[in-house]
file structure-v2.txt (compact mmCIF, C-alpha atoms and all ligand atoms)
# COMPACT_ATOMS: atom_id res chain seq x y z
CA MET A 1 -125.98 -6.31 -24.55
CA ALA A 2 -127.76 -4.41 -21.88
CA LEU A 3 -126.01 -2.62 -19.09
CA SER A 4 -127.95 -3.35 -15.88
CA LEU A 5 -127.71 -1.64 -12.55
CA MET A 6 -129.13 -3.36 -9.45
CA GLU A 7 -130.63 -1.59 -6.48
CA GLU A 8 -127.38 -1.85 -4.56
CA ASP A 9 -125.47 -0.33 -7.49
CA ILE A 10 -127.84 2.61 -7.69
CA GLU A 11 -127.58 3.06 -3.93
CA ARG A 12 -123.80 2.98 -4.07
CA LEU A 13 -123.59 5.44 -6.98
CA GLY A 14 -126.16 7.64 -5.25
CA ARG A 15 -124.09 7.76 -2.07
CA THR A 16 -121.02 8.97 -3.96
CA MET A 17 -123.06 11.51 -5.87
CA ARG A 18 -124.83 12.89 -2.79
CA ASN A 19 -121.52 13.15 -1.04
CA LEU A 20 -120.13 15.10 -3.98
CA LEU A 21 -123.09 17.47 -3.99
CA GLU A 22 -122.80 18.07 -0.28
CA ARG A 23 -119.09 18.82 -0.33
CA SER A 24 -118.99 20.88 -3.52
CA GLU A 25 -122.32 22.67 -3.00
CA ALA A 26 -123.34 21.81 -6.53
CA ASP A 27 -127.08 21.60 -7.25
CA GLY A 28 -127.37 18.28 -8.95
CA CYS A 29 -125.57 15.66 -10.90
CA LEU A 30 -126.24 12.81 -13.24
CA LEU A 31 -124.49 9.77 -14.64
CA CYS A 32 -125.10 8.97 -18.26
CA ASP A 33 -123.56 6.69 -20.81
CA GLY A 34 -122.08 7.67 -24.16
CA GLY A 35 -125.30 6.75 -25.92
CA GLY A 36 -127.24 9.23 -23.80
CA TYR A 37 -128.97 6.94 -21.30
CA VAL A 38 -129.60 8.28 -17.80
CA LEU A 39 -127.91 5.83 -15.45
CA SER A 40 -128.46 7.64 -12.17
CA GLN A 41 -129.24 11.13 -10.91
CA GLU A 42 -129.24 13.21 -7.74
CA GLY A 43 -130.70 16.60 -6.95
CA LEU A 44 -131.92 17.53 -10.41
CA GLU A 45 -135.17 19.34 -9.83
CA GLN A 46 -135.36 22.01 -12.48
CA VAL A 47 -133.63 20.17 -15.30
CA ASP A 48 -135.03 17.32 -17.35
CA PRO A 49 -132.54 14.48 -16.78
CA LEU A 50 -133.37 12.76 -20.08
CA LEU A 51 -132.57 15.86 -22.06
CA LEU A 52 -129.56 16.73 -19.93
CA SER A 53 -128.15 13.31 -20.58
CA ALA A 54 -128.82 13.34 -24.34
CA LEU A 55 -127.24 16.78 -24.69
CA GLY A 56 -124.47 16.11 -22.18
CA ALA A 57 -123.37 13.00 -24.04
CA GLY A 58 -123.56 14.95 -27.32
CA VAL A 59 -121.57 17.91 -26.05
CA PHE A 60 -118.96 15.69 -24.54
CA ALA A 61 -118.57 13.64 -27.70
CA ALA A 62 -118.34 16.79 -29.80
CA SER A 63 -115.72 18.28 -27.50
CA ARG A 64 -113.72 15.10 -27.59
CA GLU A 65 -113.76 15.36 -31.39
CA LEU A 66 -112.61 18.97 -31.21
CA ALA A 67 -109.80 17.95 -28.92
CA ARG A 68 -108.75 15.31 -31.41
CA VAL A 69 -108.68 17.88 -34.15
CA LEU A 70 -106.28 19.88 -31.98
CA GLY A 71 -104.13 16.83 -31.45
CA GLU A 72 -105.14 16.35 -27.80
CA ASP A 73 -105.60 12.72 -27.01
CA GLU A 74 -106.00 13.01 -23.24
CA PHE A 75 -109.35 14.69 -22.89
CA SER A 76 -111.55 14.18 -19.89
CA ALA A 77 -113.67 17.20 -19.03
CA VAL A 78 -115.99 19.89 -20.40
CA PHE A 79 -116.93 23.06 -18.59
CA HIS A 80 -119.62 25.56 -19.58
CA GLN A 81 -119.88 28.66 -17.48
CA GLY A 82 -123.21 30.45 -17.41
CA GLU A 83 -124.34 33.66 -15.74
CA VAL A 84 -126.36 31.80 -13.14
CA ARG A 85 -125.77 28.11 -13.62
CA SER A 86 -122.83 26.21 -14.96
CA ILE A 87 -122.18 22.68 -16.04
CA PHE A 88 -119.15 20.47 -15.62
CA ILE A 89 -118.84 17.12 -17.37
CA ARG A 90 -116.21 14.51 -16.63
CA ALA A 91 -115.53 11.11 -18.12
CA VAL A 92 -115.87 8.34 -15.54
CA THR A 93 -115.03 5.44 -17.84
CA ALA A 94 -114.69 5.25 -21.61
CA ASP A 95 -118.46 5.00 -21.78
CA VAL A 96 -119.82 6.76 -18.69
CA LEU A 97 -120.00 10.49 -17.96
CA LEU A 98 -120.63 12.46 -14.81
CA VAL A 99 -122.57 15.69 -15.42
CA ILE A 100 -122.62 18.26 -12.60
CA ILE A 101 -124.85 21.34 -12.50
CA PHE A 102 -124.00 24.15 -10.11
CA SER A 103 -125.06 27.74 -9.46
CA ARG A 104 -123.25 30.97 -8.77
CA GLY A 105 -123.06 30.13 -5.08
CA ALA A 106 -120.77 27.18 -5.65
CA HIS A 107 -117.16 27.57 -6.74
CA ALA A 108 -116.11 25.97 -9.99
CA GLY A 109 -112.76 25.15 -8.43
CA LEU A 110 -114.41 23.32 -5.57
CA VAL A 111 -116.68 21.39 -7.89
CA LYS A 112 -113.73 20.26 -9.98
CA HIS A 113 -111.75 19.44 -6.88
CA TYR A 114 -114.39 17.18 -5.35
CA ALA A 115 -115.34 15.70 -8.69
CA ALA A 116 -111.97 13.97 -8.94
CA PRO A 117 -112.36 11.55 -5.98
CA ALA A 118 -116.03 11.03 -6.85
CA VAL A 119 -115.07 10.02 -10.38
CA ALA A 120 -112.51 7.57 -8.99
CA GLU A 121 -115.16 5.95 -6.77
CA LEU A 122 -117.70 5.80 -9.56
CA LYS A 123 -115.13 4.27 -11.86
CA THR A 124 -114.46 1.45 -9.42
CA ALA A 125 -118.19 0.88 -9.06
CA PHE A 126 -118.68 0.59 -12.82
CA GLU A 127 -115.71 -1.71 -13.19
CA GLN A 128 -117.29 -4.02 -10.66
CA VAL A 129 -120.63 -3.85 -12.43
CA ALA A 130 -118.94 -4.81 -15.69
CA ALA A 131 -117.12 -7.71 -14.02
CA ARG A 132 -120.20 -9.28 -12.49
CA GLU A 133 -122.47 -8.51 -15.44
CA HIS A 134 -122.88 -12.16 -16.45
CA ARG A 135 -123.59 -13.31 -12.89
CA VAL A 136 -126.80 -11.42 -12.31
CA PRO A 137 -129.38 -13.65 -10.59
CA HIS A 138 -131.76 -15.44 -12.87
CA ARG A 139 -134.98 -14.05 -11.43
CA GLU A 140 -133.79 -10.52 -12.21
CA ARG A 141 -133.24 -11.43 -15.82
CA SER A 142 -136.70 -12.36 -16.89
CA PHE A 143 -138.73 -9.76 -18.72
CA VAL A 144 -142.27 -10.34 -19.88
CA LEU A 145 -143.94 -8.30 -22.60
CA THR A 146 -147.38 -7.10 -21.59
CA GLN A 147 -148.52 -5.62 -24.89
CA ASN A 148 -148.76 -7.16 -28.27
CA GLY A 149 -150.76 -4.47 -30.00
CA PRO A 150 -149.46 -1.04 -31.03
CA LEU A 151 -147.71 0.72 -28.15
CA PHE A 152 -148.33 4.22 -29.37
CA GLU A 153 -151.72 5.40 -30.59
CA ARG A 154 -152.17 8.41 -32.82
CA GLU A 155 -154.63 10.91 -31.35
CA MET B 1 -127.10 -1.25 -25.98
CA SER B 2 -130.16 -1.11 -23.79
CA PHE B 3 -130.00 -0.09 -20.16
CA VAL B 4 -131.89 -1.59 -17.20
CA ASN B 5 -132.24 0.24 -13.90
CA PHE B 6 -133.51 -2.33 -11.40
CA ALA B 7 -133.81 0.23 -8.61
CA LYS B 8 -136.27 2.32 -10.61
CA ARG B 9 -137.52 -0.72 -12.53
CA GLU B 10 -136.92 1.00 -15.79
CA VAL B 11 -135.68 -0.14 -19.20
CA GLN B 12 -134.20 2.38 -21.64
CA LEU B 13 -134.01 1.66 -25.37
CA LYS B 14 -132.58 3.81 -28.15
CA ILE B 15 -134.09 4.14 -31.61
CA VAL B 16 -132.36 6.15 -34.35
CA TYR B 17 -134.01 7.52 -37.50
CA TYR B 18 -131.47 7.37 -40.32
CA GLY B 19 -131.56 8.35 -43.99
CA PRO B 20 -130.39 10.89 -46.57
CA GLY B 21 -130.74 14.65 -46.17
CA LEU B 22 -134.30 16.01 -46.39
CA CYS B 23 -135.88 12.54 -46.54
CA GLY B 24 -138.20 13.41 -43.65
CA LYS B 25 -136.61 12.07 -40.44
CA THR B 26 -137.29 15.19 -38.40
CA THR B 27 -140.80 15.35 -39.83
CA ASN B 28 -141.49 11.86 -38.43
CA LEU B 29 -140.58 12.96 -34.92
CA GLN B 30 -142.53 16.18 -35.27
CA PHE B 31 -145.64 14.26 -36.20
CA VAL B 32 -145.28 11.83 -33.32
CA HIS B 33 -144.75 14.78 -30.99
CA ALA B 34 -147.87 16.51 -32.30
CA ARG B 35 -150.13 13.47 -32.16
CA LEU B 36 -149.04 11.40 -29.20
CA GLY B 37 -150.66 12.13 -25.84
CA ALA B 38 -148.50 14.31 -23.60
CA GLN B 39 -148.37 11.54 -20.96
CA SER B 40 -146.47 9.29 -23.37
CA ARG B 41 -143.94 11.72 -24.75
CA GLY B 42 -141.42 14.26 -23.57
CA ASN B 43 -140.30 17.38 -25.39
CA LEU B 44 -138.86 17.30 -28.86
CA THR B 45 -135.46 18.95 -28.87
CA SER B 46 -133.91 19.83 -32.21
CA LEU B 47 -130.33 20.91 -32.69
CA ALA B 48 -130.69 22.41 -36.13
CA THR B 49 -129.31 25.10 -38.44
CA SER B 50 -131.29 28.27 -39.10
CA GLN B 51 -132.60 26.53 -42.25
CA GLU B 52 -134.07 23.75 -40.10
CA ARG B 53 -131.60 21.17 -41.28
CA THR B 54 -130.60 18.85 -38.48
CA LEU B 55 -127.12 19.81 -37.33
CA PHE B 56 -126.53 17.39 -34.48
CA PHE B 57 -129.69 15.47 -33.70
CA ASP B 58 -133.36 15.63 -32.75
CA PHE B 59 -134.24 13.98 -29.48
CA MET B 60 -137.55 12.93 -28.00
CA PRO B 61 -138.17 10.51 -25.12
CA LEU B 62 -141.27 8.30 -25.14
CA VAL B 63 -142.59 6.23 -22.29
CA ALA B 64 -144.71 3.09 -22.48
CA LYS B 65 -145.99 0.18 -20.45
CA ALA B 66 -144.60 -2.72 -22.40
CA ILE B 67 -142.68 -4.91 -19.98
CA GLU B 68 -144.28 -6.37 -16.86
CA ASN B 69 -143.29 -4.45 -13.70
CA PHE B 70 -141.02 -2.12 -15.63
CA THR B 71 -141.37 1.32 -17.17
CA THR B 72 -140.06 1.31 -20.73
CA ARG B 73 -138.44 4.44 -22.06
CA PHE B 74 -137.68 4.81 -25.74
CA GLN B 75 -135.19 7.50 -26.69
CA LEU B 76 -135.86 8.62 -30.24
CA TYR B 77 -133.05 10.31 -32.16
CA THR B 78 -132.63 11.48 -35.74
CA VAL B 79 -129.25 11.90 -37.39
CA PRO B 80 -128.32 14.77 -39.71
CA GLY B 81 -128.68 13.37 -43.22
CA GLN B 82 -126.29 15.71 -45.01
CA VAL B 83 -123.25 13.81 -46.22
CA MET B 84 -120.72 16.09 -44.53
CA TYR B 85 -122.02 15.34 -41.03
CA ASN B 86 -120.80 11.78 -40.89
CA ARG B 87 -118.88 12.07 -37.62
CA THR B 88 -122.05 13.39 -36.02
CA ARG B 89 -124.06 10.44 -37.31
CA GLN B 90 -121.52 8.11 -35.77
CA LEU B 91 -121.92 9.82 -32.40
CA VAL B 92 -125.71 9.59 -32.51
CA LEU B 93 -125.58 5.89 -33.41
CA ARG B 94 -123.70 4.97 -30.24
CA GLY B 95 -125.54 2.35 -28.24
CA VAL B 96 -128.41 2.09 -30.73
CA ASP B 97 -131.01 -0.65 -30.20
CA GLY B 98 -133.07 -0.20 -33.36
CA VAL B 99 -133.02 1.80 -36.59
CA VAL B 100 -135.69 3.32 -38.82
CA PHE B 101 -134.24 3.89 -42.26
CA VAL B 102 -136.25 6.64 -43.94
CA ALA B 103 -135.86 6.69 -47.72
CA ASP B 104 -136.96 9.47 -50.06
CA SER B 105 -139.17 7.70 -52.62
CA GLN B 106 -138.41 10.12 -55.46
CA TRP B 107 -136.70 8.53 -58.45
CA ASN B 108 -133.98 11.14 -58.64
CA LEU B 109 -132.93 10.47 -55.03
CA MET B 110 -132.27 6.75 -55.34
CA ALA B 111 -128.49 7.18 -55.35
CA GLU B 112 -128.70 9.22 -52.13
CA ASN B 113 -130.82 6.51 -50.50
CA VAL B 114 -128.36 3.81 -51.41
CA GLU B 115 -125.40 5.86 -50.30
CA SER B 116 -127.03 6.62 -46.98
CA PHE B 117 -127.92 2.96 -46.42
CA LYS B 118 -124.32 1.93 -47.09
CA ASN B 119 -123.19 4.68 -44.78
CA LEU B 120 -125.42 3.27 -42.03
CA GLU B 121 -123.95 -0.20 -42.47
CA GLU B 122 -120.44 1.17 -42.45
CA ASN B 123 -120.96 3.33 -39.36
CA LEU B 124 -122.47 0.44 -37.45
CA ARG B 125 -119.56 -1.75 -38.45
CA LEU B 126 -117.13 0.88 -37.16
CA GLN B 127 -118.72 0.71 -33.71
CA GLY B 128 -118.71 -3.09 -33.71
CA ASP B 129 -122.38 -3.56 -34.61
CA ASP B 130 -123.84 -5.40 -37.56
CA LEU B 131 -126.97 -4.10 -39.26
CA GLU B 132 -128.10 -7.65 -39.95
CA LYS B 133 -128.24 -8.33 -36.22
CA ILE B 134 -130.05 -5.13 -35.27
CA PRO B 135 -133.82 -4.64 -35.49
CA TYR B 136 -134.59 -2.19 -38.26
CA VAL B 137 -137.47 -1.17 -40.48
CA LEU B 138 -137.64 0.87 -43.67
CA GLN B 139 -139.95 3.74 -44.41
CA TYR B 140 -140.51 4.82 -48.01
CA ASN B 141 -141.47 8.42 -47.49
CA LYS B 142 -142.92 11.21 -49.64
CA ARG B 143 -145.40 8.94 -51.43
CA ASP B 144 -147.49 12.04 -52.19
CA LEU B 145 -144.99 13.40 -54.70
CA PRO B 146 -145.47 12.77 -58.44
CA GLU B 147 -142.16 11.19 -59.45
CA VAL B 148 -141.82 8.36 -56.96
CA ALA B 149 -140.44 4.88 -57.53
CA PRO B 150 -142.85 2.00 -56.91
CA THR B 151 -142.56 0.14 -53.63
CA HIS B 152 -141.22 -3.03 -55.22
CA TYR B 153 -138.43 -1.05 -56.80
CA LEU B 154 -137.47 0.47 -53.44
CA ASP B 155 -137.56 -3.04 -51.99
CA PHE B 156 -135.31 -4.22 -54.79
CA VAL B 157 -132.80 -1.47 -54.09
CA LEU B 158 -132.91 -1.16 -50.29
CA ASN B 159 -134.60 -4.24 -48.86
CA ASN B 160 -132.86 -7.00 -50.72
CA ARG B 161 -130.98 -8.96 -48.06
CA GLY B 162 -132.23 -12.51 -47.54
CA VAL B 163 -134.97 -11.86 -45.01
CA ARG B 164 -136.98 -8.80 -46.01
CA ARG B 165 -137.44 -6.26 -43.25
CA PRO B 166 -140.78 -4.65 -42.48
CA ARG B 167 -141.31 -1.54 -44.57
CA PHE B 168 -143.96 1.12 -44.75
CA ASN B 169 -145.03 3.63 -47.33
CA ALA B 170 -145.41 7.04 -45.76
CA VAL B 171 -146.29 10.67 -46.18
CA ALA B 172 -144.66 11.98 -43.04
CA THR B 173 -145.97 15.51 -43.47
CA GLU B 174 -149.51 14.12 -43.18
CA GLY B 175 -148.55 11.42 -40.72
CA ASN B 176 -149.38 8.51 -42.99
CA GLY B 177 -147.23 5.57 -42.01
CA VAL B 178 -145.50 7.42 -39.18
CA PHE B 179 -147.10 5.59 -36.25
CA GLU B 180 -147.04 2.26 -38.10
CA THR B 181 -143.29 2.64 -38.50
CA LEU B 182 -142.75 3.66 -34.90
CA ASN B 183 -144.89 0.87 -33.47
CA MET B 184 -143.12 -1.74 -35.56
CA ILE B 185 -139.61 -0.69 -34.60
CA ALA B 186 -140.64 -0.39 -30.94
CA ARG B 187 -142.05 -3.89 -31.00
CA LEU B 188 -138.99 -5.37 -32.74
CA VAL B 189 -136.64 -3.70 -30.27
CA LEU B 190 -138.67 -4.97 -27.32
CA HIS B 191 -138.76 -8.51 -28.64
CA ARG B 192 -135.06 -8.47 -29.23
CA PHE B 193 -134.47 -7.18 -25.71
CA VAL B 194 -136.64 -9.83 -24.06
CA GLN B 195 -135.19 -12.58 -26.21
CA ALA B 196 -131.60 -11.61 -25.43
CA HIS B 197 -132.34 -11.69 -21.73
CA SER B 198 -134.22 -14.94 -21.63
CA ARG B 199 -131.39 -16.56 -23.56
CA GLN B 200 -128.95 -15.34 -20.95
CA ALA B 201 -131.14 -16.61 -18.15
CA GLY B 202 -131.45 -19.97 -19.87
CA ALA B 203 -127.70 -20.25 -20.25
CA GLU B 204 -127.26 -19.59 -16.57
CA GLU B 205 -129.72 -22.27 -15.56
CA GLU B 206 -127.80 -24.78 -17.61
CA LEU B 207 -124.67 -23.77 -15.80
CA VAL B 208 -126.34 -24.42 -12.49
CA LEU B 209 -127.43 -27.88 -13.65
CA VAL B 210 -123.88 -28.76 -14.65
N1 LIG C 301 -144.13 16.27 -49.96
C1 LIG C 301 -143.60 15.77 -48.88
N2 LIG C 301 -142.67 16.47 -48.20
C2 LIG C 301 -142.15 15.94 -47.07
C3 LIG C 301 -142.55 14.68 -46.58
N3 LIG C 301 -141.85 14.41 -45.46
C4 LIG C 301 -141.06 15.48 -45.25
N4 LIG C 301 -141.24 16.41 -46.20
C5 LIG C 301 -140.57 17.72 -46.34
O1 LIG C 301 -139.19 17.51 -46.64
C6 LIG C 301 -138.40 18.54 -46.03
C7 LIG C 301 -137.31 17.94 -45.19
O2 LIG C 301 -137.87 17.23 -44.10
P1 LIG C 301 -137.05 16.95 -42.77
O3 LIG C 301 -137.91 16.11 -41.90
O4 LIG C 301 -136.50 18.20 -42.20
O5 LIG C 301 -135.84 16.10 -43.36
P2 LIG C 301 -134.64 15.41 -42.58
O6 LIG C 301 -134.56 14.01 -43.05
O7 LIG C 301 -134.76 15.62 -41.12
O8 LIG C 301 -133.39 16.23 -43.16
P3 LIG C 301 -131.94 16.47 -42.48
O9 LIG C 301 -132.17 16.98 -41.11
O10 LIG C 301 -131.22 17.43 -43.32
O11 LIG C 301 -131.26 15.14 -42.49
C8 LIG C 301 -139.37 19.38 -45.23
O12 LIG C 301 -139.69 20.52 -46.00
C9 LIG C 301 -140.57 18.50 -45.04
O13 LIG C 301 -141.78 19.22 -44.91
C10 LIG C 301 -143.54 13.95 -47.33
O14 LIG C 301 -143.96 12.83 -46.97
N5 LIG C 301 -144.02 14.55 -48.46
MG MG C 302 -133.60 16.49 -39.74

call {"tool": "encode", "arguments": {"input": "structure-v2.txt", "output": "structure tokens"}}
result
Amino acid sequence: MALSLMEEDIERLGRTMRNLLERSEADGCLLCDGGGYVLSQEGLEQVDPLLLSALGAGVFAASRELARVLGEDEFSAVFHQGEVRSIFIRAVTADVLLVIIFSRGAHAGLVKHYAAPAVAELKTAFEQVAAREHRVPHRERSFVLTQNGPLFERE
Amino acid sequence: MSFVNFAKREVQLKIVYYGPGLCGKTTNLQFVHARLGAQSRGNLTSLATSQERTLFFDFMPLVAKAIENFTTRFQLYTVPGQVMYNRTRQLVLRGVDGVVFVADSQWNLMAENVESFKNLEENLRLQGDDLEKIPYVLQYNKRDLPEVAPTHYLDFVLNNRGVRRPRFNAVATEGNGVFETLNMIARLVLHRFVQAHSRQAGAEEELVLV
């Protein structure tokens, strides 16, 4: 079944994410699910969020597999350090990831430090979303198809 | 599992191209990328070996106007077909909303087709899904080659469960059948999405009446 986020959810997630960016001086961050969907994003100007989320989910899943091979069962973060920009990925829930992009100016330690409380807040938010999932108002649940012909035309 | 963002009024749906190694999954996406207007598609990203075999996945986002007042985004993925990459296929299948099973029509690859189809069923089962309950279509690819099995034989082998699924003959390298396949799976996934949601809404109304 579909995961749905309402305006107030997005606003709440956004607040936590903006707060994280401000405190950690990271450039941008994104929430995605294990399947690679973009759930929410803040401050990502130079990176394509769709691709970041597809690859982020892939990298995280692959790293989790590697960890399993090594006999690690508690595995919650991935860190890639680049010359100019780096990326830090943390599990929020079993199925949601927080991806943070930051540049040389920001300290990795600081990013990791502030990510922890942000992840805790986001986790609570997603737990509440999951709990109320079946009580979403009726009017928000109706979707109407507008197209019955082919959606994609070959040029 | 689809995703709805009510703040951005956006629906995201995931379609996975599945099938044995070298059957033409990546070629399908390449053709769509080459022939779909740039306003409807994002970049095609391929995580591949130096021999152009898919190692992790190919990924391409598409955007369409299909649901009233919402933007619909389809995320297209291919899995690596090579048998040894099964864990990777399982990862790519997570949260899938619809599947295109690409078969290689050549006689001598029938066993690989069947094995890959079983592997799809098994991997879906492992993540709690059931192929019978998921929209999927079949594509019988490489119809241009000399030693291909007839369509009814491929149906007999791969499309033999009660209700027959839509299937298309294709020559992915030339694009024959590629858009037909894509449009069909997109439509099935959309219908399933809308249906699932109206059922939920209906159930809720009944609750209110009680
Ligand atoms: N003759 C012919 N060749 C095709 C056709 N479709 C794909 N091919 C060729 O088959 C080869 C493999 O195609 P890919 O699209 O890379 O196959 P794949 O399914 O992605 O393979 P993996 O990534 O290993 O799973 C390429 O050389 C393609 O050009 C077709 O319809 N006819
Ligand atoms: Mg491939």

call {"tool": "atom_distance", "arguments": {"input": "structure-v2.txt", "atom1": "CA of Ala91 in chain A", "atom2": "CA of Cys29 in chain A"}}
result
13.2 Å

call {"tool": "interface_residues", "arguments": {"input": "structure-v2.txt", "of": "chain A", "to": "chain B", "cutoff": "7 Å", "atoms": "only C-alpha atoms", "output": "ChimeraX atom specification"}}
result
/A:1-7,10,34-35,37,61,138,141-147,150-155

call {"tool": "residues_near_ligand", "arguments": {"input": "structure-v2.txt", "ligand": "ligand LIG 301 (chain C)", "cutoff": "6 Å", "atoms": "all atoms listed in the file", "output": "list in words"}}
result
Pro20, Gly21, Leu22, Cys23, Gly24, Lys25, Thr26, Thr27, Arg53, Thr54, Pro80, Gly81, Gln82, Asn141, Lys142, Asp144, Leu145, Val171, Ala172 and Thr173 of chain B

call {"tool": "atom_distance", "arguments": {"input": "structure-v2.txt", "atom1": "CA of Leu126 in chain B", "atom2": "CA of Gly98 in chain B"}}
result
16.4 Å

call {"tool": "closest_residue", "arguments": {"input": "structure-v2.txt", "among": "B:Asn159, B:Thr72, B:Thr78, B:Asn86", "to": "ligand MG 302 (chain C)", "atoms": "only C-alpha atoms and all ligand atoms"}}
result
B:Thr78

call {"tool": "atom_distance", "arguments": {"input": "structure-v2.txt", "atom1": "CA of Asp129 in chain B", "atom2": "CA of Ala120 in chain A"}}
result
29.6 Å

call {"tool": "axis_aligned_box", "arguments": {"input": "structure-v2.txt", "around": "range 121-125 of chain B", "padding_each_side": "8 Å", "output": "lines of an AutoDock Vina configuration file"}}
result
center_x = -121.8
center_y = 0.8
center_z = -40.0
size_x = 20.4
size_y = 21.1
size_z = 21.0

call {"tool": "residues_near_point", "arguments": {"input": "structure-v2.txt", "point": "(-110.4, 18.3, -10.7)", "cutoff": "12 Å", "atoms": "only C-alpha atoms", "output": "short mmCIF file (atom, residue, chain, number, x, y, z; two decimals) with C-alpha atoms, keeping the file's coordinate frame"}}
result
data_model
loop_
_atom_site.label_atom_id
_atom_site.label_comp_id
_atom_site.auth_asym_id
_atom_site.auth_seq_id
_atom_site.Cartn_x
_atom_site.Cartn_y
_atom_site.Cartn_z
CA SER A 24 -118.99 20.88 -3.52
CA SER A 76 -111.55 14.18 -19.89
CA ALA A 77 -113.67 17.20 -19.03
CA VAL A 78 -115.99 19.89 -20.40
CA PHE A 79 -116.93 23.06 -18.59
CA PHE A 88 -119.15 20.47 -15.62
CA ILE A 89 -118.84 17.12 -17.37
CA ARG A 90 -116.21 14.51 -16.63
CA ALA A 91 -115.53 11.11 -18.12
CA ALA A 108 -116.11 25.97 -9.99
CA GLY A 109 -112.76 25.15 -8.43
CA LEU A 110 -114.41 23.32 -5.57
CA VAL A 111 -116.68 21.39 -7.89
CA LYS A 112 -113.73 20.26 -9.98
CA HIS A 113 -111.75 19.44 -6.88
CA TYR A 114 -114.39 17.18 -5.35
CA ALA A 115 -115.34 15.70 -8.69
CA ALA A 116 -111.97 13.97 -8.94
CA PRO A 117 -112.36 11.55 -5.98
CA ALA A 118 -116.03 11.03 -6.85
CA VAL A 119 -115.07 10.02 -10.38
CA ALA A 120 -112.51 7.57 -8.99
#

call {"tool": "closest_residue", "arguments": {"input": "structure-v2.txt", "among": "A:Glu72, A:Gly82, A:Glu42, A:Val96", "to": "Phe60 in chain A", "atoms": "all atoms listed in the file"}}
result
A:Val96

call {"tool": "closest_residue", "arguments": {"input": "structure-v2.txt", "among": "B:Val148, B:Val114, B:Val102, B:Leu154", "to": "ligand MG 302 (chain C)", "atoms": "all atoms listed in the file"}}
result
B:Val102

call {"tool": "residues_around", "arguments": {"input": "structure-v2.txt", "residues": "Gln139 in chain B", "least_positions_apart": "6", "cutoff": "7 Å", "atoms": "all atoms listed in the file", "output": "MDAnalysis selection string"}}
result
chainID B and resid 101:103 167:170 181

call {"tool": "build_atoms", "arguments": {"input": "structure-v2.txt", "residues": "range 13-22 of chain A", "atoms": "N, CA, C and O atoms", "output": "JSON list (two decimals), in the frame of the given file"}}
result
[["chain", "number", "residue", "atom", "x", "y", "z"],
["A", 13, "LEU", "N", -123.87, 4.28, -6.13],
["A", 13, "LEU", "CA", -123.59, 5.44, -6.98],
["A", 13, "LEU", "C", -124.21, 6.69, -6.36],
["A", 13, "LEU", "O", -123.60, 7.75, -6.32],
["A", 14, "GLY", "N", -125.44, 6.52, -5.85],
["A", 14, "GLY", "CA", -126.16, 7.64, -5.25],
["A", 14, "GLY", "C", -125.40, 8.21, -4.06],
["A", 14, "GLY", "O", -125.33, 9.43, -3.88],
["A", 15, "ARG", "N", -124.83, 7.32, -3.25],
["A", 15, "ARG", "CA", -124.09, 7.76, -2.07],
["A", 15, "ARG", "C", -122.92, 8.66, -2.49],
["A", 15, "ARG", "O", -122.73, 9.75, -1.96],
["A", 16, "THR", "N", -122.17, 8.19, -3.47],
["A", 16, "THR", "CA", -121.02, 8.97, -3.96],
["A", 16, "THR", "C", -121.49, 10.32, -4.51],
["A", 16, "THR", "O", -120.89, 11.37, -4.25],
["A", 17, "MET", "N", -122.59, 10.28, -5.25],
["A", 17, "MET", "CA", -123.06, 11.51, -5.87],
["A", 17, "MET", "C", -123.59, 12.50, -4.83],
["A", 17, "MET", "O", -123.33, 13.70, -4.92],
["A", 18, "ARG", "N", -124.31, 11.99, -3.84],
["A", 18, "ARG", "CA", -124.83, 12.89, -2.79],
["A", 18, "ARG", "C", -123.69, 13.51, -2.00],
["A", 18, "ARG", "O", -123.70, 14.69, -1.67],
["A", 19, "ASN", "N", -122.70, 12.69, -1.75],
["A", 19, "ASN", "CA", -121.52, 13.15, -1.04],
["A", 19, "ASN", "C", -120.83, 14.27, -1.81],
["A", 19, "ASN", "O", -120.45, 15.30, -1.25],
["A", 20, "LEU", "N", -120.73, 14.08, -3.12],
["A", 20, "LEU", "CA", -120.13, 15.10, -3.98],
["A", 20, "LEU", "C", -120.92, 16.40, -3.93],
["A", 20, "LEU", "O", -120.36, 17.49, -3.79],
["A", 21, "LEU", "N", -122.24, 16.28, -4.01],
["A", 21, "LEU", "CA", -123.09, 17.47, -3.99],
["A", 21, "LEU", "C", -122.94, 18.22, -2.67],
["A", 21, "LEU", "O", -122.85, 19.44, -2.64],
["A", 22, "GLU", "N", -122.89, 17.46, -1.59],
["A", 22, "GLU", "CA", -122.80, 18.07, -0.28],
["A", 22, "GLU", "C", -121.49, 18.85, -0.13],
["A", 22, "GLU", "O", -121.48, 20.00, 0.29]]
